[in-house]
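Shown here: start00.cif, mmCIF, C-alpha atoms.
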```cif
data_work
#
loop_
_atom_site.label_atom_id
_atom_site.label_comp_id
_atom_site.auth_asym_id
_atom_site.auth_seq_id
_atom_site.Cartn_x
_atom_site.Cartn_y
_atom_site.Cartn_z
CA MET A 1 -5.03 151.32 28.68
CA SER A 2 -4.17 148.98 31.42
CA LYS A 3 -7.11 146.92 30.35
CA PHE A 4 -5.14 145.43 27.49
CA ARG A 5 -1.90 144.75 29.28
CA LYS A 6 -1.38 141.08 29.82
CA LYS A 7 -0.65 139.74 33.20
CA GLY A 8 3.00 138.91 33.74
CA GLY A 9 3.92 139.97 30.20
CA LYS A 10 7.51 140.64 31.20
CA GLY A 11 8.63 136.97 31.36
CA LEU A 12 9.72 135.19 28.15
CA GLN A 13 7.33 132.59 26.84
CA LYS A 14 8.61 129.04 26.86
CA ILE A 15 8.99 127.36 23.49
CA ASN A 16 7.59 123.89 23.32
CA THR A 17 10.52 121.63 22.47
CA SER A 18 8.76 118.32 22.71
CA SER A 19 8.88 117.85 18.90
CA LEU A 20 12.60 118.54 18.70
CA PRO A 21 13.60 114.87 19.11
CA ASP A 22 11.24 113.93 16.29
CA ILE A 23 12.80 116.45 13.95
CA VAL A 24 16.32 115.36 14.82
CA PHE A 25 15.43 111.68 14.42
CA MET A 26 14.00 112.44 11.01
CA LEU A 27 17.28 114.09 10.01
CA LEU A 28 19.19 111.16 11.45
CA PHE A 29 17.23 108.61 9.43
CA PHE A 30 17.66 110.69 6.31
CA PHE A 31 21.41 110.64 6.68
CA MET A 32 21.49 106.96 7.56
CA VAL A 33 19.60 106.07 4.39
CA ALA A 34 21.21 108.54 2.01
CA THR A 35 24.83 107.88 2.86
CA THR A 36 27.34 105.09 2.80
CA MET A 37 30.02 104.30 5.32
CA ARG A 38 33.48 105.50 4.48
CA GLU A 39 35.57 102.37 4.27
CA THR A 40 39.03 103.38 3.29
CA GLU A 41 41.19 106.18 4.42
CA ILE A 42 42.31 108.04 1.34
CA GLN A 43 45.91 109.02 1.60
CA VAL A 44 46.28 110.85 -1.68
CA ARG A 45 44.55 114.02 -2.72
CA VAL A 46 42.09 113.28 -5.52
CA LYS A 47 39.96 115.85 -7.28
CA VAL A 48 38.23 113.91 -10.03
CA PRO A 49 37.47 115.66 -13.32
CA GLU A 50 33.98 116.55 -14.48
CA ALA A 51 32.22 114.89 -17.39
CA THR A 52 28.75 114.88 -18.88
CA GLU A 53 28.42 111.21 -19.80
CA VAL A 54 28.85 109.71 -16.34
CA LYS A 55 26.85 106.76 -15.14
CA LYS A 56 26.34 105.40 -11.67
CA LEU A 57 28.36 102.38 -10.67
CA GLU A 58 25.71 99.78 -9.97
CA LYS A 59 27.11 96.93 -7.94
CA LYS A 60 29.40 98.21 -5.24
CA SER A 61 30.63 94.73 -4.36
CA LEU A 62 32.24 94.30 -7.78
CA VAL A 63 34.23 97.49 -7.53
CA SER A 64 37.81 97.91 -6.41
CA TYR A 65 39.41 101.30 -6.24
CA ILE A 66 42.71 102.65 -7.47
CA TYR A 67 43.53 106.17 -6.39
CA ILE A 68 46.24 108.23 -8.03
CA GLY A 69 47.19 111.64 -6.73
CA ARG A 70 49.66 113.65 -4.74
CA PRO A 71 49.91 112.50 -1.11
CA ILE A 72 48.19 114.44 1.64
CA ALA A 73 50.35 116.43 4.05
CA HIS A 74 51.27 113.85 6.68
CA VAL A 75 51.91 111.12 4.10
CA ALA A 76 54.02 113.51 2.05
CA ARG A 77 56.45 113.76 4.96
CA MET A 78 57.30 110.10 4.47
CA TYR A 79 56.98 109.61 0.73
CA GLY A 80 57.62 113.04 -0.79
CA THR A 81 55.23 115.00 -2.93
CA GLU A 82 55.43 112.99 -6.15
CA PRO A 83 52.13 111.39 -7.25
CA LEU A 84 51.42 108.06 -5.58
CA ILE A 85 49.15 105.12 -6.28
CA GLN A 86 46.82 103.80 -3.61
CA LEU A 87 45.15 100.41 -4.07
CA ASN A 88 41.94 100.28 -2.02
CA ASP A 89 43.58 101.18 1.29
CA LYS A 90 47.26 100.59 0.87
CA LEU A 91 49.83 102.84 -0.70
CA VAL A 92 52.26 101.60 -3.29
CA SER A 93 55.63 102.86 -2.21
CA GLU A 94 57.91 101.19 -4.71
CA GLU A 95 59.57 103.15 -7.47
CA GLY A 96 58.92 102.68 -11.14
CA ILE A 97 56.04 100.80 -12.72
CA PRO A 98 54.09 98.88 -10.06
CA TYR A 99 53.22 95.88 -12.25
CA GLU A 100 53.49 93.35 -9.46
CA ALA A 101 51.68 95.31 -6.79
CA ILE A 102 48.73 95.87 -9.10
CA GLN A 103 48.70 92.28 -10.31
CA ASP A 104 48.65 91.00 -6.71
CA PHE A 105 45.95 93.49 -5.85
CA VAL A 106 43.74 92.40 -8.75
CA LEU A 107 44.20 88.70 -7.94
CA PHE A 108 43.43 89.30 -4.27
CA GLU A 109 40.30 91.34 -4.97
CA ARG A 110 39.10 88.91 -7.61
CA GLU A 111 39.46 86.03 -5.17
CA LYS A 112 36.96 87.73 -2.87
CA LEU A 113 34.19 87.69 -5.47
CA PRO A 114 31.84 84.76 -6.04
CA GLU A 115 32.72 82.55 -9.00
CA ALA A 116 29.98 83.90 -11.25
CA ASP A 117 31.05 87.50 -10.82
CA LYS A 118 34.78 87.11 -11.29
CA SER A 119 34.72 88.23 -14.88
CA LYS A 120 32.60 91.26 -14.03
CA MET A 121 35.09 92.88 -11.71
CA VAL A 122 35.27 96.63 -12.13
CA ILE A 123 38.28 98.76 -11.35
CA SER A 124 37.33 102.30 -10.49
CA MET A 125 40.13 104.71 -11.25
CA ARG A 126 39.90 107.75 -9.07
CA VAL A 127 42.59 109.94 -10.52
CA ASP A 128 43.33 113.56 -9.77
CA GLN A 129 42.72 115.76 -12.78
CA ASP A 130 46.18 117.33 -12.71
CA ILE A 131 48.14 114.07 -12.78
CA SER A 132 50.05 113.40 -15.98
CA MET A 133 48.93 110.48 -18.11
CA GLY A 134 52.26 108.63 -17.82
CA LYS A 135 51.34 107.28 -14.41
CA VAL A 136 47.80 106.43 -15.56
CA ASP A 137 49.11 104.64 -18.66
CA ASP A 138 51.41 102.54 -16.46
CA VAL A 139 48.46 101.49 -14.32
CA LYS A 140 46.34 100.74 -17.37
CA GLN A 141 49.06 98.55 -18.83
CA SER A 142 49.37 96.70 -15.52
CA LEU A 143 45.62 96.16 -15.44
CA ARG A 144 45.67 94.75 -18.94
CA ARG A 145 48.40 92.38 -17.90
CA ALA A 146 46.33 91.33 -14.88
CA LYS A 147 43.31 90.85 -17.15
CA ALA A 148 41.17 93.37 -15.30
CA LEU A 149 39.70 95.02 -18.35
CA ILE A 150 36.56 96.75 -17.15
CA ILE A 151 37.59 100.10 -15.81
CA ASN A 152 35.64 103.10 -14.73
CA TYR A 153 37.15 106.56 -14.89
CA SER A 154 35.62 108.23 -11.90
CA ALA A 155 34.17 111.62 -12.69
CA LYS A 156 31.66 114.06 -11.33
CA LYS A 157 28.53 114.92 -13.23
CA GLU A 158 28.96 118.09 -15.22
CA TYR A 159 25.97 120.17 -16.17
CA ARG A 160 26.36 122.28 -19.26
CA ASN A 161 24.34 125.42 -19.72
CA GLN A 162 23.59 125.25 -23.39
CA GLY A 163 21.87 121.91 -22.99
CA ARG A 164 22.29 118.87 -25.15
CA GLN A 165 22.45 119.22 -28.86
CA ARG A 166 20.27 116.83 -30.66
CA MET B 1 -5.52 106.51 43.45
CA ALA B 2 -2.58 108.75 42.66
CA SER B 3 -0.13 105.90 43.12
CA ARG B 4 -1.45 104.11 40.00
CA GLU B 5 -0.35 106.85 37.64
CA THR B 6 2.86 105.95 35.88
CA PRO B 7 5.48 108.61 36.38
CA GLU B 8 6.30 110.51 33.18
CA VAL B 9 9.63 109.74 31.60
CA ASN B 10 11.76 112.80 31.17
CA GLY B 11 12.22 113.24 27.42
CA GLY B 12 14.40 116.27 27.61
CA SER B 13 17.64 114.39 26.91
CA LEU B 14 16.21 112.49 23.94
CA ALA B 15 17.12 115.37 21.63
CA ASP B 16 20.69 115.31 22.89
CA ILE B 17 21.02 111.61 22.22
CA ALA B 18 19.58 111.96 18.75
CA PHE B 19 21.90 114.86 17.98
CA LEU B 20 24.87 112.81 19.09
CA LEU B 21 23.89 109.98 16.72
CA LEU B 22 23.24 112.45 13.93
CA ILE B 23 26.66 114.02 14.26
CA PHE B 24 28.29 110.58 14.36
CA PHE B 25 26.69 109.65 11.06
CA LEU B 26 27.48 113.01 9.52
CA VAL B 27 31.15 112.55 10.29
CA THR B 28 31.57 108.91 9.30
CA THR B 29 29.69 108.87 6.03
CA THR B 30 30.10 110.24 2.56
CA MET B 31 27.32 111.61 0.45
CA ASP B 32 28.79 111.17 -3.02
CA THR B 33 27.73 108.20 -5.07
CA ASP B 34 30.25 106.74 -7.44
CA THR B 35 29.84 107.99 -10.94
CA GLY B 36 32.15 107.72 -13.88
CA ILE B 37 32.75 106.68 -17.46
CA THR B 38 33.10 102.94 -17.93
CA ARG B 39 35.44 101.79 -20.67
CA LEU B 40 36.86 98.46 -21.72
CA LEU B 41 40.59 98.00 -22.01
CA PRO B 42 41.85 95.90 -24.89
CA PRO B 43 43.22 92.52 -23.81
CA GLU B 44 46.96 92.20 -23.60
CA PRO B 45 48.42 90.95 -26.86
CA ASP B 46 49.83 87.45 -26.95
CA PRO B 47 53.64 87.72 -26.73
CA GLU B 48 54.10 84.96 -29.29
CA GLN B 49 51.80 86.60 -31.70
CA GLU B 50 53.67 88.36 -34.47
CA ASP B 51 52.98 91.92 -35.32
CA VAL B 52 50.76 91.89 -38.32
CA GLU B 53 50.35 95.02 -40.34
CA VAL B 54 46.65 95.54 -40.29
CA LYS B 55 45.61 97.34 -43.39
CA VAL B 56 43.15 100.00 -42.46
CA ASN B 57 41.80 102.34 -45.03
CA LYS B 58 43.02 105.81 -44.15
CA ARG B 59 39.59 107.35 -44.50
CA ASN B 60 38.21 104.99 -41.86
CA VAL B 61 40.44 106.33 -39.09
CA LEU B 62 40.09 109.57 -37.20
CA VAL B 63 43.25 110.31 -35.27
CA VAL B 64 42.69 112.26 -32.06
CA LEU B 65 45.95 113.48 -30.60
CA LEU B 66 46.53 115.10 -27.24
CA ASN B 67 50.00 116.54 -26.91
CA ARG B 68 52.10 117.32 -23.86
CA SER B 69 50.70 120.82 -23.53
CA ASP B 70 47.11 119.54 -23.68
CA LEU B 71 46.49 120.75 -27.22
CA LEU B 72 43.98 118.74 -29.18
CA MET B 73 44.49 117.78 -32.79
CA VAL B 74 41.76 115.95 -34.66
CA GLY B 75 42.39 114.53 -38.11
CA GLY B 76 45.29 116.88 -38.73
CA GLU B 77 43.80 120.12 -37.48
CA VAL B 78 43.92 121.81 -34.10
CA MET B 79 40.50 121.80 -32.56
CA ASP B 80 38.65 123.03 -29.52
CA ARG B 81 37.35 120.33 -27.18
CA LEU B 82 33.73 121.37 -27.58
CA ALA B 83 33.86 121.00 -31.36
CA LEU B 84 35.05 117.40 -31.08
CA LYS B 85 31.60 115.95 -30.45
CA ASP B 86 30.08 117.27 -33.67
CA LYS B 87 33.17 116.26 -35.59
CA THR B 88 32.86 112.72 -34.22
CA ILE B 89 29.16 112.52 -35.08
CA GLU B 90 29.91 113.63 -38.63
CA PHE B 91 32.71 111.08 -38.80
CA PHE B 92 30.49 108.20 -37.70
CA THR B 93 27.49 109.08 -39.87
CA ASN B 94 29.10 110.52 -43.01
CA PRO B 95 25.81 112.16 -44.00
CA LEU B 96 27.03 113.54 -47.34
CA TYR B 97 28.96 110.41 -48.42
CA LYS B 98 32.21 112.32 -48.50
CA GLU B 99 35.27 110.63 -49.93
CA ASP B 100 37.44 111.35 -46.89
CA LEU B 101 34.97 110.08 -44.28
CA PRO B 102 34.51 106.40 -43.41
CA VAL B 103 33.09 103.77 -45.73
CA MET B 104 29.50 102.83 -44.98
CA GLU B 105 28.76 99.16 -45.13
CA GLU B 106 25.40 97.52 -45.86
CA THR B 107 24.43 95.60 -42.72
CA GLU B 108 21.49 93.70 -41.34
CA ILE B 109 20.77 93.90 -37.65
CA GLN B 110 18.16 91.77 -35.93
CA PHE B 111 15.80 93.54 -33.56
CA PRO B 112 12.99 91.81 -31.66
CA PRO B 113 10.08 91.29 -34.10
CA GLY B 114 7.23 93.70 -33.60
CA SER B 115 9.19 96.03 -31.33
CA SER B 116 8.96 98.98 -33.67
CA SER B 117 6.52 100.15 -36.30
CA LEU B 118 9.36 101.49 -38.43
CA LEU B 119 10.90 98.05 -38.86
CA PRO B 120 9.60 95.24 -41.09
CA GLU B 121 7.67 92.45 -39.41
CA ASP B 122 10.65 90.19 -38.84
CA GLY B 123 12.44 92.98 -37.00
CA MET B 124 15.39 93.06 -39.37
CA TRP B 125 16.99 96.47 -39.75
CA ARG B 126 18.79 97.04 -43.03
CA GLY B 127 21.03 99.98 -43.57
CA GLU B 128 24.53 101.30 -43.64
CA VAL B 129 26.88 101.03 -40.69
CA SER B 130 30.04 103.06 -40.48
CA LYS B 131 33.39 101.29 -40.55
CA GLY B 132 35.06 104.22 -38.82
CA VAL B 133 37.47 103.85 -35.93
CA ILE B 134 38.70 106.62 -33.68
CA SER B 135 42.30 106.35 -32.62
CA LEU B 136 43.01 108.22 -29.42
CA GLN B 137 46.63 108.96 -28.64
CA ASN B 138 48.10 110.84 -25.76
CA ASP B 139 51.49 111.86 -24.48
CA ARG B 140 52.85 110.82 -21.11
CA SER B 141 52.70 114.45 -20.01
CA THR B 142 49.10 115.05 -20.99
CA THR B 143 47.07 115.83 -17.90
CA TYR B 144 44.48 113.26 -16.93
CA GLY B 145 41.69 115.84 -16.66
CA LYS B 146 42.09 116.83 -20.30
CA TYR B 147 42.32 113.21 -21.39
CA LEU B 148 39.06 112.35 -19.67
CA GLN B 149 37.34 115.38 -21.15
CA VAL B 150 38.28 114.17 -24.62
CA GLN B 151 37.13 110.63 -23.81
CA ASN B 152 33.91 112.16 -22.58
CA GLU B 153 33.30 114.01 -25.84
CA LEU B 154 33.87 110.84 -27.86
CA VAL B 155 31.54 108.80 -25.65
CA ALA B 156 29.01 111.64 -25.76
CA ALA B 157 29.00 111.56 -29.55
CA VAL B 158 28.27 107.84 -29.71
CA ASN B 159 25.67 108.11 -26.95
CA THR B 160 23.90 110.89 -28.83
CA LEU B 161 23.77 108.80 -32.01
CA ARG B 162 22.45 105.78 -30.14
CA ASN B 163 19.93 107.87 -28.31
CA ASP B 164 18.60 109.44 -31.50
CA PHE B 165 18.25 106.02 -33.11
CA CYS B 166 16.47 104.64 -30.05
CA ASN B 167 14.12 107.61 -29.91
CA LEU B 168 13.29 107.31 -33.58
CA TYR B 169 12.57 103.60 -33.63
CA PHE B 170 11.50 102.73 -30.10
CA ASP B 171 10.31 106.10 -28.77
CA LYS B 172 12.53 105.82 -25.73
CA ASP B 173 15.86 107.13 -24.45
CA TYR B 174 18.75 104.74 -24.91
CA SER B 175 19.70 105.09 -21.26
CA GLU B 176 16.18 104.09 -20.22
CA LEU B 177 16.41 100.63 -21.77
CA ASN B 178 16.11 98.07 -19.02
CA THR B 179 18.67 95.31 -19.43
CA ASN B 180 16.73 92.97 -17.17
CA ASN B 181 13.99 92.84 -19.77
CA PRO B 182 15.08 90.40 -22.53
CA ILE B 183 13.39 92.34 -25.33
CA GLU B 184 14.91 95.63 -24.32
CA GLU B 185 18.27 93.96 -23.87
CA GLU B 186 18.09 92.72 -27.45
CA ILE B 187 17.25 96.22 -28.58
CA GLN B 188 20.25 97.53 -26.73
CA LEU B 189 22.54 94.94 -28.30
CA GLY B 190 21.16 95.84 -31.72
CA ILE B 191 21.77 99.53 -31.23
CA ARG B 192 25.28 98.80 -30.09
CA GLN B 193 25.89 97.14 -33.43
CA ARG B 194 24.30 100.03 -35.27
CA TYR B 195 26.63 102.55 -33.65
CA LYS B 196 29.73 100.85 -32.38
CA MET B 197 31.87 102.42 -29.70
CA ASN B 198 34.94 102.17 -31.89
CA ILE B 199 37.45 104.08 -29.84
CA SER B 200 40.87 102.55 -29.88
CA GLU B 201 43.69 103.67 -27.67
CA SER B 202 47.18 103.25 -28.96
CA GLU B 203 49.84 101.45 -26.99
CA PRO B 204 51.52 104.09 -24.89
CA LYS B 205 54.70 105.32 -26.41
CA SER B 206 57.48 106.63 -24.29
CA ILE B 207 59.16 109.23 -26.38
CA GLY B 208 61.90 111.08 -24.57
CA GLY B 209 62.37 110.89 -20.83
CA ARG B 210 59.90 110.05 -18.12
CA ASN B 211 57.75 112.92 -17.02
#
```

Rewrite the structure from the file as structure tokens, please.
Amino acid sequence: MSKFRKKGGKGLQKINTSSLPDIVFMLLFFFMVATTMRETEIQVRVKVPEATEVKKLEKKSLVSYIYIGRPIAHVARMYGTEPLIQLNDKLVSEEGIPYEAIQDFVLFEREKLPEADKSKMVISMRVDQDISMGKVDDVKQSLRRAKALIINYSAKKEYRNQGRQR
Amino acid sequence: MASRETPEVNGGSLADIAFLLLIFFLVTTTMDTDTGITRLLPPEPDPEQEDVEVKVNKRNVLVVLLNRSDLLMVGGEVMDRLALKDKTIEFFTNPLYKEDLPVMEETEIQFPPGSSSLLPEDGMWRGEVSKGVISLQNDRSTTYGKYLQVQNELVAAVNTLRNDFCNLYFDKDYSELNTNNPIEEEIQLGIRQRYKMNISESEPKSIGGRN
């Protein structure tokens, strides 16, 4: 029987790890290509609703974001738990209808765009699904006043089981 | 001769470096692409402009109401959200020429000549286009999630109609039309006239106290 026993079979065989860097680099490049940098720190909790008719927002440079939701824990300590509006990266802290803050925000963002694209500005509304429409209506009225009329209700793609009816 | 051999570089730490970079990118990036439903807001009315009573035929309007407890009422009857799409399609097409559904108006729409075998040579489509308008009204206490679901059903209805028309005449999905191509852009504009996205949102009313 000893014929078949390998010499030094007790020691563990070494795994060749020379291809490990290649694999990891591949993963790294995948993530670099497939993702975008997070630009703003979101200070309100937003869980967007689901919808079937969503489309991708094409030109990111034309888009400005308005978030509406209840503040996250450490912000809530300062502002309370009532729903707040966040414009790109700054919170609106004033009470009541924030006409002026939104108007200033729209003007400021529009100024950043090249002349030809100014009329194509898109406001992406990222609103939590449990927020009441009163707050959203206020923002919409402010946007109308600021003449920012193209809005995008942010939503996740919903897949329905029964398929589309034709 | 041994001195000529270049010493091998130790590659053992390369994996560590790559892992470090990988984790950095994992933490600082987001995967989700921005998706959503794009809608146009109506322009703000001129303050000097007087309120004019616009006479709209009652049969041309479908009132969609969302109340404060998220109940949906369509044209006077309580309805489930999933039934709204079919109701909207029926409203916009009026297949049986019912008296209480919108008036259909004879219209001519210009499509690019020769783009479809079902159209005459000059590309002029002749047919009936609905004059229907959907009026969407919500309460201040309606939740946003429900509101968007209803918007979604209305948009889905119009998209389905447009898609069917596009498939029938141009053998293509409506969403696949390429707007950079002038012919396809004209087709898209034509289809938009055929089935208009007539969804009007009322001015918000504040009845009672703030939510």

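Residue nearest chain A, chosen from B:Ser135, B:Ser130, B:Ser175, B:Asn57 and counting all atoms listed in the file: B:Ser175.
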
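Nearest residue to Ser202 of chain B among B:Asn138, B:Ser117, B:Ser13, B:Gln110 is B:Asn138, counting all atoms listed in the file.
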
| For this file, the PyMOL selection byres ((chain A) within 8 of (chain B)) selects which residues, as an MDAnalysis selection string? | chainID A and resid 18 20:21 24:25 27:28 31:32 34:38 48:57 127:137 140 144:145 147 149:157 166

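Atom CA of Thr107 of chain B is positioned 8.1 Å from atom CA of Trp125 of chain B.
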
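Between atom CA of Ala73 of chain A and atom CA of Asp70 of chain B lies a distance of 28.1 Å.
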
| message | Can you tell me which residues surround segment 99-105 of chain B at a distance of at most 7 Å, considering only C-alpha atoms, apart from same-chain residues fewer than 2 positions away, and format the answer as an MDAnalysis selection string? | response | chainID B and resid 59:60 91 94 97 107 128:132

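Residue selection for this entry, given the PyMOL selection byres ((chain B and resi 114) around 12), comprises Gln110, Phe111, Pro112, Pro113, Ser115, Ser116, Ser117, Leu118, Leu119, Pro120, Glu121, Asp122, Gly123, Met124, Trp125, Tyr169, Phe170, Ile183 and Ile187 of chain B.
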
Suppose we keep C-alpha atoms; can you now write the selection as a short mmCIF file (atom, residue, chain, number, x, y, z; two decimals), in the coordinates of the input?
```cif
data_model
loop_
_atom_site.label_atom_id
_atom_site.label_comp_id
_atom_site.auth_asym_id
_atom_site.auth_seq_id
_atom_site.Cartn_x
_atom_site.Cartn_y
_atom_site.Cartn_z
CA GLN B 110 18.16 91.77 -35.93
CA PHE B 111 15.80 93.54 -33.56
CA PRO B 112 12.99 91.81 -31.66
CA PRO B 113 10.08 91.29 -34.10
CA SER B 115 9.19 96.03 -31.33
CA SER B 116 8.96 98.98 -33.67
CA SER B 117 6.52 100.15 -36.30
CA LEU B 118 9.36 101.49 -38.43
CA LEU B 119 10.90 98.05 -38.86
CA PRO B 120 9.60 95.24 -41.09
CA GLU B 121 7.67 92.45 -39.41
CA ASP B 122 10.65 90.19 -38.84
CA GLY B 123 12.44 92.98 -37.00
CA MET B 124 15.39 93.06 -39.37
CA TRP B 125 16.99 96.47 -39.75
CA TYR B 169 12.57 103.60 -33.63
CA PHE B 170 11.50 102.73 -30.10
CA ILE B 183 13.39 92.34 -25.33
CA ILE B 187 17.25 96.22 -28.58
#
```

| said: For a quick check of understanding, using all atoms listed in the file, which of A:Pro98, A:Pro71, A:Arg77, A:Val106 has the smallest distance to Val122 of chain A? | reply: A:Val106

Compile the contact shell of Asn88 of chain A as a PDB file with C-alpha atoms, in the frame of the given file: residues with an atom at most 10 Å away, counting all atoms listed in the file, same-chain residues fewer than 6 positions apart removed.
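Result file part_31.pdb:
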```pdb
ATOM      1  CA  GLU A  39      35.570 102.370   4.270  1.00  0.00           C
ATOM      2  CA  THR A  40      39.030 103.380   3.290  1.00  0.00           C
ATOM      3  CA  GLU A  41      41.190 106.180   4.420  1.00  0.00           C
ATOM      4  CA  ILE A  42      42.310 108.040   1.340  1.00  0.00           C
ATOM      5  CA  VAL A  63      34.230  97.490  -7.530  1.00  0.00           C
ATOM      6  CA  SER A  64      37.810  97.910  -6.410  1.00  0.00           C
ATOM      7  CA  TYR A  65      39.410 101.300  -6.240  1.00  0.00           C
ATOM      8  CA  ILE A  66      42.710 102.650  -7.470  1.00  0.00           C
ATOM      9  CA  TYR A  67      43.530 106.170  -6.390  1.00  0.00           C
ATOM     10  CA  PHE A 105      45.950  93.490  -5.850  1.00  0.00           C
ATOM     11  CA  GLU A 109      40.300  91.340  -4.970  1.00  0.00           C
ATOM     12  CA  SER A 124      37.330 102.300 -10.490  1.00  0.00           C
TER      13      SER A 124
END
```

| message | Could you list, as a VMD selection string, every residue within 12 Å of Val44 of chain A, counting all atoms listed in the file and ignoring same-chain residues fewer than 5 positions away? | response | chain A and resid 66 to 76 79 to 92 126 to 128 131

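By only C-alpha atoms, and with residues fewer than 5 positions from Phe165 of chain B along its chain excluded, the set lying at most 10 Å from it is B:Asn159, B:Thr160, B:Phe170, B:Asp171, B:Lys172, B:Asp173, B:Tyr174, B:Ile191, B:Arg194, B:Tyr195.
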
| query | What is the atom CA of Asp138 of chain A-atom CA of Tyr99 of chain A distance in Å, reported with one decimal? | reply | 8.1 Å
